[in-house]
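J.: This is the structure I want to talk about, given as structure tokens.
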4 protein chains.
Amino acid sequence: MVGVMGPGEGATPDENIMAFDLGKAIAKEGWVTLTGGRSFGVMDAVMKGARDADGLTIGILPTETEKGASENAQIRIVTGMNSGRNYLCVLSSHVVVVLGMAAGTASEVALAIKANKKVILLNQDEVTIRFFKNIGSYKVLVATTVEETIKHIKEYLAVQQRY
Amino acid sequence: MVGVMGPGEGATPDENIMAFDLGKAIAKEGWVTLTGGRSFGVMDAVMKGARDADGLTIGILPTETEKGASENAQIRIVTGMNSGRNYLCVLSSHVVVVLGMAAGTASEVALAIKANKKVILLNQDEVTIRFFKNIGSYKVLVATTVEETIKHIKEYLAVQQRY
Amino acid sequence: MVGVMGPGEGATPDENIMAFDLGKAIAKEGWVTLTGGRSFGVMDAVMKGARDADGLTIGILPTETEKGASENAQIRIVTGMNSGRNYLCVLSSHVVVVLGMAAGTASEVALAIKANKKVILLNQDEVTIRFFKNIGSYKVLVATTVEETIKHIKEYLAVQQRY
Amino acid sequence: MVGVMGPGEGATPDENIMAFDLGKAIAKEGWVTLTGGRSFGVMDAVMKGARDADGLTIGILPTETEKGASENAQIRIVTGMNSGRNYLCVLSSHVVVVLGMAAGTASEVALAIKANKKVILLNQDEVTIRFFKNIGSYKVLVATTVEETIKHIKEYLAVQQRY
């Protein structure tokens, strides 16, 4: 279960393209893609990519109903908790990949570090990397490409041996 | 997505047997089985039945980690919310089936009615049926067998037309 | 901290009058009144009564902002969790009093029993009493007047000795 | 309602001293102090300061019971949600002050920005300030002393006019 966290409406076109490629790569490895489930930005694009490669996708929705869910989210967990659901996205992921940055995304990175999850910062700027390295030290890895991200995850899973 | 709610440790052998049969019947219809995800009682038995018929199972766990999850829960949503997760079980289900009764289960029936979900009381006693009919009226259906339960769900889905 | 649970919009005039008297009686004992915080029904009336006797009131709101909060809720905990906040109302109360009945209220009684709280059913019908006695046994007390309710709470606190 | 967020066990002696002074200053203004409620670090110290100046203190606890609560938390909201409670701390605060930094604290700053709260970063390093300014822009203020923090809050409240 790979959680991919990133902005919704505020995502850039480049982030959405990379998210699509990331979703495809995750699905090709046979992993499940988990996101915040809404029909915008990185969440939507990564699940679209995963579906394109026949992967399973899970969306953990902030809303009280399925309204607003991405059609690319096959399994929809409805929380009614608004941004409180960010904590659940993180706890349910075995590894967290972060692509793009916004307030909600930042809360997910911080909660992931707090919950002792491995976090991969994909294509982030220097300030973001330094900030999260300061609070998360060895739990935080850095990648600039999808390939590097998949490699990090594989190495982590190899160490865990329990997947 | 059919949510099946019922006691954990306190479930009777008869409830567990019926839960196993219910899980098989749900899976044979091609529906997903959703439960509270723990390795005890109705939750565990219904997912075991669903797996036996190659169905997909989802467990929404009360814990902060996967520890204590049923091995029959294929997809595990980790909430760290204790009984607060009961609300999520209910919101994420399209129909809620209730088998056996305990305090946690009763909270799920009540929250399901509150969230306007269709609830099927399977094999419940007269007091339980009257209580939930009083607060839920037409949203609450009654069944005494697995077959009757599946029939209720099919009729409901036919009306909804959106599944 | 005495939690008073009951219907919002659906409360009857008689329930609201009794809730007002209950709030006054709780405040006169020097106890804090905790409710779901909205500006309707039992929640609102009990806090109005408590304020009338200069008691402190706490409202645990389902919403993401304070909009919709009762003006009688002095301290407002904003959860953004919708009915998920029912669990918090119950956990934060030392004793739970239930006046009137609806789906949300029923979920609070059940969650209170699950969390091993003492629950006092005030002025409930026979079916309701029998249902909750079945799942909560000794944790569930019955009262028909405000005075009897206060007496139950005092006896419980005397046993607890830690308040 | 001023929320003060900061590390628990990991807080430095200097942070705890400043937190104590901050709590006193908040109480002297007649404001309520809200924290995560545990008996460690910044949470505990700021409530101790507030109590020292006869202020009201609220602790929103991560646990399922009051065990582990600071004795300086007068009103205790018990959530059973672990770090999921961070979202509630933020939503329930009118202004959020951040003193010290750790993963849980960072999630609170991010969630506060997401919820459009005014955030005051007290005594933070350059990387932290730049990171949160990047994602929160005008919502994020910077202070180096307790006096400056109180001044920021007063100016904000004056603009809001609704407190």
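Residue names in the structure tokens use chain letters A, B, ... in the order shown, residue numbers from 1 in each chain, and ligand numbers from 1 in the order shown.
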Using only C-alpha atoms, which protein or nucleic acid residues come within 8 Å of Gly68 of chain A? Drop anything in the same chain fewer than 2 positions from it, and give the result as a ChimeraX atom specification.
T.: /A:38-39,63,66,70
J.: Using the selection just defined, write its residues with all heavy atoms as a short mmCIF file (atom, residue, chain, number, x, y, z; two decimals), in the first residue's frame.
T.:
```cif
data_model
loop_
_atom_site.label_atom_id
_atom_site.label_comp_id
_atom_site.auth_asym_id
_atom_site.auth_seq_id
_atom_site.Cartn_x
_atom_site.Cartn_y
_atom_site.Cartn_z
N ARG A 38 -9.90 12.60 -3.87
CA ARG A 38 -10.71 13.60 -4.55
C ARG A 38 -10.37 13.66 -6.05
O ARG A 38 -9.33 13.18 -6.48
CB ARG A 38 -10.54 14.97 -3.91
CG ARG A 38 -11.11 14.97 -2.48
CD ARG A 38 -11.32 16.37 -1.94
NE ARG A 38 -10.13 17.17 -2.04
CZ ARG A 38 -10.04 18.29 -2.77
NH1 ARG A 38 -11.05 18.76 -3.44
NH2 ARG A 38 -8.90 18.97 -2.79
N SER A 39 -11.25 14.32 -6.81
CA SER A 39 -11.12 14.29 -8.27
C SER A 39 -10.26 15.42 -8.81
O SER A 39 -10.55 16.00 -9.86
CB SER A 39 -12.52 14.36 -8.89
OG SER A 39 -13.16 15.55 -8.50
N THR A 63 -15.08 13.83 2.76
CA THR A 63 -16.51 14.15 2.76
C THR A 63 -17.35 13.11 3.48
O THR A 63 -16.88 12.05 3.85
CB THR A 63 -16.97 14.25 1.30
OG1 THR A 63 -16.40 13.13 0.59
CG2 THR A 63 -16.47 15.52 0.66
N GLU A 66 -19.93 10.02 -1.10
CA GLU A 66 -18.95 9.80 -2.17
C GLU A 66 -18.90 10.95 -3.16
O GLU A 66 -18.09 10.93 -4.09
CB GLU A 66 -19.29 8.51 -2.91
CG GLU A 66 -18.99 7.27 -2.09
CD GLU A 66 -19.35 6.00 -2.85
OE1 GLU A 66 -18.84 5.81 -3.96
OE2 GLU A 66 -20.14 5.21 -2.32
N SER A 70 -12.92 10.95 -6.91
CA SER A 70 -12.38 10.70 -8.25
C SER A 70 -12.97 9.40 -8.79
O SER A 70 -13.10 8.42 -8.06
CB SER A 70 -10.86 10.57 -8.16
OG SER A 70 -10.37 9.95 -9.33
#
```
J.: Starting from chain B, keep only residues with some atom at most 10 Å from an atom of chain D, counting only C-alpha atoms, and report them as a list of chain:residue names.
T.: B:Pro62, B:Thr63, B:Glu64, B:Thr79, B:Gly80, B:Met81, B:Asn82, B:Ser83, B:Gly84, B:Arg85
J.: Please return as a PyMOL selection string: the residues of segment 14-145 of chain B that backbone DSSP assigns to helix (DSSP H, G or I).
T.: chain B and resi 14-28+41-52+82-91+103-114+126-139
J.: As an exercise, work out the distance from atom CA of Gly8 of chain D to atom CA of Met101 of chain D in Å and give it to one decimal place.
T.: 9.8 Å
J.: Identify, on the basis of only C-alpha atoms, every residue whose closest approach to Glu15 of chain A does not exceed 12 Å; exclude the query and any residue fewer than 3 positions from it along the same chain; express the result as number ranges by chain.
T.: A: 5-12, 18-22, 40-46, 98-101, 122-124, 144-146
J.: Would you output that residue set with N, CA, C and O atoms, as a compact mmCIF listing (two decimals), in the first residue's frame?
T.:
```
# COMPACT_ATOMS: atom_id res chain seq x y z
N MET A 5 0.75 11.49 -1.64
CA MET A 5 0.15 12.71 -1.11
C MET A 5 0.60 13.89 -1.97
O MET A 5 1.77 13.97 -2.35
N GLY A 6 -0.33 14.79 -2.24
CA GLY A 6 0.02 15.98 -3.02
C GLY A 6 -1.19 16.88 -3.13
O GLY A 6 -2.28 16.51 -2.71
N PRO A 7 -0.99 18.06 -3.70
CA PRO A 7 -2.07 19.04 -3.77
C PRO A 7 -3.22 18.59 -4.65
O PRO A 7 -3.03 17.77 -5.55
N GLY A 8 -4.40 19.09 -4.39
CA GLY A 8 -5.57 18.88 -5.22
C GLY A 8 -5.62 19.94 -6.31
O GLY A 8 -4.82 19.92 -7.25
N GLU A 9 -6.52 20.91 -6.16
CA GLU A 9 -6.72 21.95 -7.16
C GLU A 9 -5.42 22.71 -7.47
O GLU A 9 -5.22 23.18 -8.59
N GLY A 10 -4.52 22.83 -6.50
CA GLY A 10 -3.33 23.65 -6.69
C GLY A 10 -2.18 22.96 -7.39
O GLY A 10 -1.11 23.57 -7.57
N ALA A 11 -2.35 21.72 -7.80
CA ALA A 11 -1.24 21.01 -8.44
C ALA A 11 -0.91 21.62 -9.79
O ALA A 11 -1.79 22.08 -10.52
N THR A 12 0.39 21.62 -10.15
CA THR A 12 0.82 22.14 -11.45
C THR A 12 0.66 21.05 -12.52
O THR A 12 0.63 19.86 -12.19
N MET A 18 3.80 13.91 -13.73
CA MET A 18 4.68 13.01 -12.97
C MET A 18 3.83 12.07 -12.09
O MET A 18 4.18 10.89 -11.91
N ALA A 19 2.72 12.57 -11.56
CA ALA A 19 1.84 11.74 -10.72
C ALA A 19 1.27 10.58 -11.53
O ALA A 19 1.20 9.45 -11.06
N PHE A 20 0.87 10.88 -12.76
CA PHE A 20 0.33 9.83 -13.64
C PHE A 20 1.39 8.74 -13.86
O PHE A 20 1.09 7.54 -13.73
N ASP A 21 2.62 9.16 -14.15
CA ASP A 21 3.70 8.19 -14.37
C ASP A 21 3.99 7.40 -13.09
O ASP A 21 4.26 6.20 -13.14
N LEU A 22 3.92 8.08 -11.96
CA LEU A 22 4.17 7.42 -10.67
C LEU A 22 3.11 6.35 -10.41
O LEU A 22 3.42 5.23 -10.00
N PHE A 40 -9.20 15.77 -8.07
CA PHE A 40 -8.35 16.86 -8.51
C PHE A 40 -6.87 16.55 -8.30
O PHE A 40 -6.51 15.80 -7.38
N GLY A 41 -6.06 17.16 -9.11
CA GLY A 41 -4.62 17.25 -8.90
C GLY A 41 -3.90 15.93 -8.81
O GLY A 41 -4.22 14.97 -9.52
N VAL A 42 -2.90 15.90 -7.94
CA VAL A 42 -2.02 14.75 -7.78
C VAL A 42 -2.80 13.50 -7.41
O VAL A 42 -2.56 12.42 -7.95
N MET A 43 -3.78 13.64 -6.49
CA MET A 43 -4.60 12.50 -6.07
C MET A 43 -5.22 11.81 -7.27
O MET A 43 -5.16 10.61 -7.45
N ASP A 44 -5.88 12.63 -8.08
CA ASP A 44 -6.61 12.09 -9.23
C ASP A 44 -5.64 11.51 -10.26
O ASP A 44 -5.85 10.41 -10.79
N ALA A 45 -4.56 12.24 -10.54
CA ALA A 45 -3.64 11.84 -11.61
C ALA A 45 -2.92 10.54 -11.27
O ALA A 45 -2.73 9.67 -12.14
N VAL A 46 -2.52 10.38 -10.04
CA VAL A 46 -1.78 9.16 -9.68
C VAL A 46 -2.70 7.94 -9.74
O VAL A 46 -2.27 6.86 -10.16
N VAL A 98 5.56 11.93 -1.56
CA VAL A 98 5.02 13.28 -1.55
C VAL A 98 5.44 14.01 -2.82
O VAL A 98 6.64 14.16 -3.08
N LEU A 99 4.47 14.45 -3.57
CA LEU A 99 4.72 15.09 -4.87
C LEU A 99 3.89 16.38 -4.91
O LEU A 99 2.66 16.34 -4.83
N GLY A 100 4.60 17.52 -5.05
CA GLY A 100 3.92 18.80 -4.92
C GLY A 100 3.79 19.14 -3.44
O GLY A 100 4.01 18.27 -2.59
N MET A 101 3.48 20.41 -3.14
CA MET A 101 3.41 20.80 -1.72
C MET A 101 2.31 21.84 -1.52
O MET A 101 2.13 22.74 -2.32
N LEU A 122 9.45 13.65 -3.33
CA LEU A 122 9.72 13.58 -4.77
C LEU A 122 9.69 14.99 -5.36
O LEU A 122 8.68 15.69 -5.28
N ASN A 123 10.87 15.36 -5.93
CA ASN A 123 10.95 16.63 -6.66
C ASN A 123 10.61 17.86 -5.80
O ASN A 123 9.93 18.77 -6.27
N GLN A 124 11.07 17.88 -4.56
CA GLN A 124 10.77 19.00 -3.67
C GLN A 124 11.92 20.01 -3.66
O GLN A 124 13.06 19.67 -3.97
N THR A 144 14.23 12.50 -7.22
CA THR A 144 13.90 13.51 -8.24
C THR A 144 13.15 12.90 -9.43
O THR A 144 12.62 13.64 -10.25
N THR A 145 13.13 11.57 -9.49
CA THR A 145 12.41 10.92 -10.59
C THR A 145 11.52 9.80 -10.06
O THR A 145 11.71 9.33 -8.94
N VAL A 146 10.59 9.36 -10.91
CA VAL A 146 9.73 8.23 -10.56
C VAL A 146 10.58 6.98 -10.34
O VAL A 146 10.35 6.22 -9.39
```
J.: Please list as a PyMOL selection string every residue within 8 Å of Val109 of chain C, counting only C-alpha atoms and excluding residues in the same chain fewer than 5 positions away.
T.: (chain B and resi 107) or (chain C and resi 96+98+119+132)
J.: Can I get the selection written as a CSV table (one decimal), in the first residue's frame, with all heavy atoms?
T.:
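Contents of out_4.csv, freshly written:
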```csv
chain,number,residue,atom,x,y,z
B,107,SER,N,-23.9,1.0,18.2
B,107,SER,CA,-23.5,2.3,17.8
B,107,SER,C,-23.5,2.4,16.3
B,107,SER,O,-23.8,3.4,15.7
B,107,SER,CB,-22.2,2.7,18.5
B,107,SER,OG,-21.1,2.1,17.8
C,96,VAL,N,-23.1,10.1,31.6
C,96,VAL,CA,-23.9,10.5,30.4
C,96,VAL,C,-25.4,10.4,30.7
C,96,VAL,O,-25.8,9.3,31.2
C,96,VAL,CB,-23.6,9.6,29.2
C,96,VAL,CG1,-24.5,9.8,28.0
C,96,VAL,CG2,-22.1,9.7,28.8
C,98,VAL,N,-29.2,10.8,29.2
C,98,VAL,CA,-29.9,10.7,27.9
C,98,VAL,C,-31.3,11.1,28.0
C,98,VAL,O,-32.1,10.5,28.8
C,98,VAL,CB,-29.8,9.3,27.3
C,98,VAL,CG1,-30.3,9.3,25.9
C,98,VAL,CG2,-28.4,8.8,27.4
C,119,VAL,N,-24.4,5.4,32.3
C,119,VAL,CA,-25.4,6.1,31.5
C,119,VAL,C,-26.7,6.1,32.3
C,119,VAL,O,-27.2,5.1,32.8
C,119,VAL,CB,-25.6,5.3,30.2
C,119,VAL,CG1,-26.8,5.9,29.4
C,119,VAL,CG2,-24.4,5.2,29.4
C,132,PHE,N,-31.2,-1.1,25.9
C,132,PHE,CA,-29.9,-0.7,26.4
C,132,PHE,C,-29.5,-1.5,27.7
C,132,PHE,O,-28.3,-1.7,28.0
C,132,PHE,CB,-29.8,0.8,26.7
C,132,PHE,CG,-29.7,1.6,25.4
C,132,PHE,CD1,-30.7,2.4,24.9
C,132,PHE,CD2,-28.6,1.4,24.5
C,132,PHE,CE1,-30.6,3.1,23.7
C,132,PHE,CE2,-28.5,2.0,23.3
C,132,PHE,CZ,-29.5,2.9,22.9
```
J.: Residues within 6 Å of Ile58 of chain A, please, as a PDB file with N, CA, C and O atoms, in the first residue's frame. Count only C-alpha atoms; anything in the same chain fewer than 4 positions from it doesn't count.
T.:
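In the end it all went to result.pdb:
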```pdb
ATOM      1  N   LEU A  34      -2.819   4.419  -2.684  1.00  0.00           N
ATOM      2  CA  LEU A  34      -3.760   5.046  -1.751  1.00  0.00           C
ATOM      3  C   LEU A  34      -3.599   6.565  -1.801  1.00  0.00           C
ATOM      4  O   LEU A  34      -2.481   7.080  -1.752  1.00  0.00           O
ATOM      5  N   ALA A  73     -10.851   6.353  -8.205  1.00  0.00           N
ATOM      6  CA  ALA A  73     -10.751   5.710  -6.889  1.00  0.00           C
ATOM      7  C   ALA A  73     -11.714   4.530  -6.853  1.00  0.00           C
ATOM      8  O   ALA A  73     -12.922   4.721  -6.775  1.00  0.00           O
ATOM      9  N   GLN A  74     -11.174   3.315  -6.930  1.00  0.00           N
ATOM     10  CA  GLN A  74     -12.048   2.136  -6.999  1.00  0.00           C
ATOM     11  C   GLN A  74     -12.687   1.851  -5.659  1.00  0.00           C
ATOM     12  O   GLN A  74     -13.877   1.596  -5.560  1.00  0.00           O
ATOM     13  N   ILE A  75     -11.879   1.857  -4.617  1.00  0.00           N
ATOM     14  CA  ILE A  75     -12.405   1.632  -3.273  1.00  0.00           C
ATOM     15  C   ILE A  75     -12.422   2.979  -2.559  1.00  0.00           C
ATOM     16  O   ILE A  75     -11.417   3.684  -2.527  1.00  0.00           O
ATOM     17  N   ARG A  76     -13.577   3.327  -2.013  1.00  0.00           N
ATOM     18  CA  ARG A  76     -13.742   4.653  -1.419  1.00  0.00           C
ATOM     19  C   ARG A  76     -14.087   4.527   0.058  1.00  0.00           C
ATOM     20  O   ARG A  76     -15.127   3.969   0.398  1.00  0.00           O
TER      21      ARG A  76
END
```
J.: Can you tell me, as a list in words, what residues are no more than 9 Å from segment 150-163 of chain D when counting only C-alpha atoms, ignoring any on the same chain fewer than 6 positions away?
T.: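 Within the cut-off, the hits are Val2, Leu22, Ala25, Ile26, Glu29, Val95, Lys118, Ile120, Leu141, Val142 and Ala143 of chain D.
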J.: Can you check which residues of segment 53-142 of chain A DSSP gives as strand (DSSP E) on the backbone and send them as a list in words?
T.: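 Result set for segment 53-142 of chain A (strand (DSSP E)): Thr57, Ile58, Gly59, Ile60, Leu61, Ile75, Arg76, Ile77, Val78, Val95, Val96, Val97, Val98, Leu99, Lys118, Val119, Ile120, Leu121, Leu122, Val140, Leu141 and Val142 of chain A.
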J.: Could you write out that same residue set with N, CA, C and O atoms as a tab-separated table (two decimals), in the first residue's frame?
T.:
```tsv
chain	number	residue	atom	x	y	z
A	57	THR	N	-6.82	0.98	-6.71
A	57	THR	CA	-6.70	2.32	-6.11
A	57	THR	C	-7.69	2.50	-4.97
A	57	THR	O	-8.83	2.05	-5.04
A	58	ILE	N	-7.25	3.17	-3.92
A	58	ILE	CA	-8.07	3.44	-2.75
A	58	ILE	C	-8.07	4.94	-2.48
A	58	ILE	O	-7.00	5.56	-2.45
A	59	GLY	N	-9.24	5.50	-2.28
A	59	GLY	CA	-9.34	6.92	-1.93
A	59	GLY	C	-9.97	7.08	-0.56
A	59	GLY	O	-11.04	6.54	-0.31
A	60	ILE	N	-9.29	7.82	0.32
A	60	ILE	CA	-9.84	8.08	1.66
A	60	ILE	C	-10.40	9.50	1.66
A	60	ILE	O	-9.66	10.48	1.75
A	61	LEU	N	-11.72	9.58	1.55
A	61	LEU	CA	-12.38	10.85	1.27
A	61	LEU	C	-12.62	11.70	2.52
A	61	LEU	O	-12.95	11.16	3.59
A	75	ILE	N	-11.88	1.86	-4.62
A	75	ILE	CA	-12.40	1.63	-3.27
A	75	ILE	C	-12.42	2.98	-2.56
A	75	ILE	O	-11.42	3.68	-2.53
A	76	ARG	N	-13.58	3.33	-2.01
A	76	ARG	CA	-13.74	4.65	-1.42
A	76	ARG	C	-14.09	4.53	0.06
A	76	ARG	O	-15.13	3.97	0.40
A	77	ILE	N	-13.20	5.04	0.87
A	77	ILE	CA	-13.46	5.08	2.30
A	77	ILE	C	-13.99	6.48	2.61
A	77	ILE	O	-13.31	7.47	2.36
A	78	VAL	N	-15.21	6.52	3.12
A	78	VAL	CA	-15.88	7.80	3.37
A	78	VAL	C	-15.74	8.12	4.86
A	78	VAL	O	-16.18	7.35	5.70
A	95	VAL	N	4.30	3.09	2.84
A	95	VAL	CA	5.30	4.08	2.46
A	95	VAL	C	4.52	5.29	1.94
A	95	VAL	O	3.47	5.12	1.32
A	96	VAL	N	5.03	6.49	2.21
A	96	VAL	CA	4.35	7.71	1.77
A	96	VAL	C	5.24	8.45	0.77
A	96	VAL	O	6.39	8.77	1.08
A	97	VAL	N	4.71	8.71	-0.44
A	97	VAL	CA	5.43	9.50	-1.44
A	97	VAL	C	4.75	10.86	-1.54
A	97	VAL	O	3.52	10.94	-1.58
A	98	VAL	N	5.56	11.93	-1.56
A	98	VAL	CA	5.02	13.28	-1.55
A	98	VAL	C	5.44	14.01	-2.82
A	98	VAL	O	6.64	14.16	-3.08
A	99	LEU	N	4.47	14.45	-3.57
A	99	LEU	CA	4.72	15.09	-4.87
A	99	LEU	C	3.89	16.38	-4.91
A	99	LEU	O	2.66	16.34	-4.83
A	118	LYS	N	8.10	5.65	6.52
A	118	LYS	CA	9.13	6.08	5.57
A	118	LYS	C	8.49	7.06	4.60
A	118	LYS	O	7.43	6.78	4.03
A	119	VAL	N	9.11	8.23	4.43
A	119	VAL	CA	8.57	9.27	3.55
A	119	VAL	C	9.54	9.55	2.42
A	119	VAL	O	10.73	9.75	2.67
A	120	ILE	N	9.06	9.58	1.19
A	120	ILE	CA	9.91	9.93	0.05
A	120	ILE	C	9.45	11.26	-0.53
A	120	ILE	O	8.32	11.38	-1.01
A	121	LEU	N	10.33	12.26	-0.44
A	121	LEU	CA	10.02	13.58	-0.98
A	121	LEU	C	10.42	13.59	-2.44
A	121	LEU	O	11.61	13.54	-2.76
A	122	LEU	N	9.45	13.65	-3.33
A	122	LEU	CA	9.72	13.58	-4.77
A	122	LEU	C	9.69	14.99	-5.36
A	122	LEU	O	8.68	15.69	-5.28
A	140	VAL	N	13.18	10.32	6.29
A	140	VAL	CA	12.88	11.10	5.09
A	140	VAL	C	13.90	10.82	4.00
A	140	VAL	O	15.10	11.03	4.19
A	141	LEU	N	13.44	10.35	2.84
A	141	LEU	CA	14.30	10.12	1.68
A	141	LEU	C	13.93	11.14	0.60
A	141	LEU	O	12.82	11.66	0.58
A	142	VAL	N	14.89	11.35	-0.31
A	142	VAL	CA	14.69	12.34	-1.36
A	142	VAL	C	14.82	11.66	-2.73
A	142	VAL	O	15.69	10.80	-2.90
```
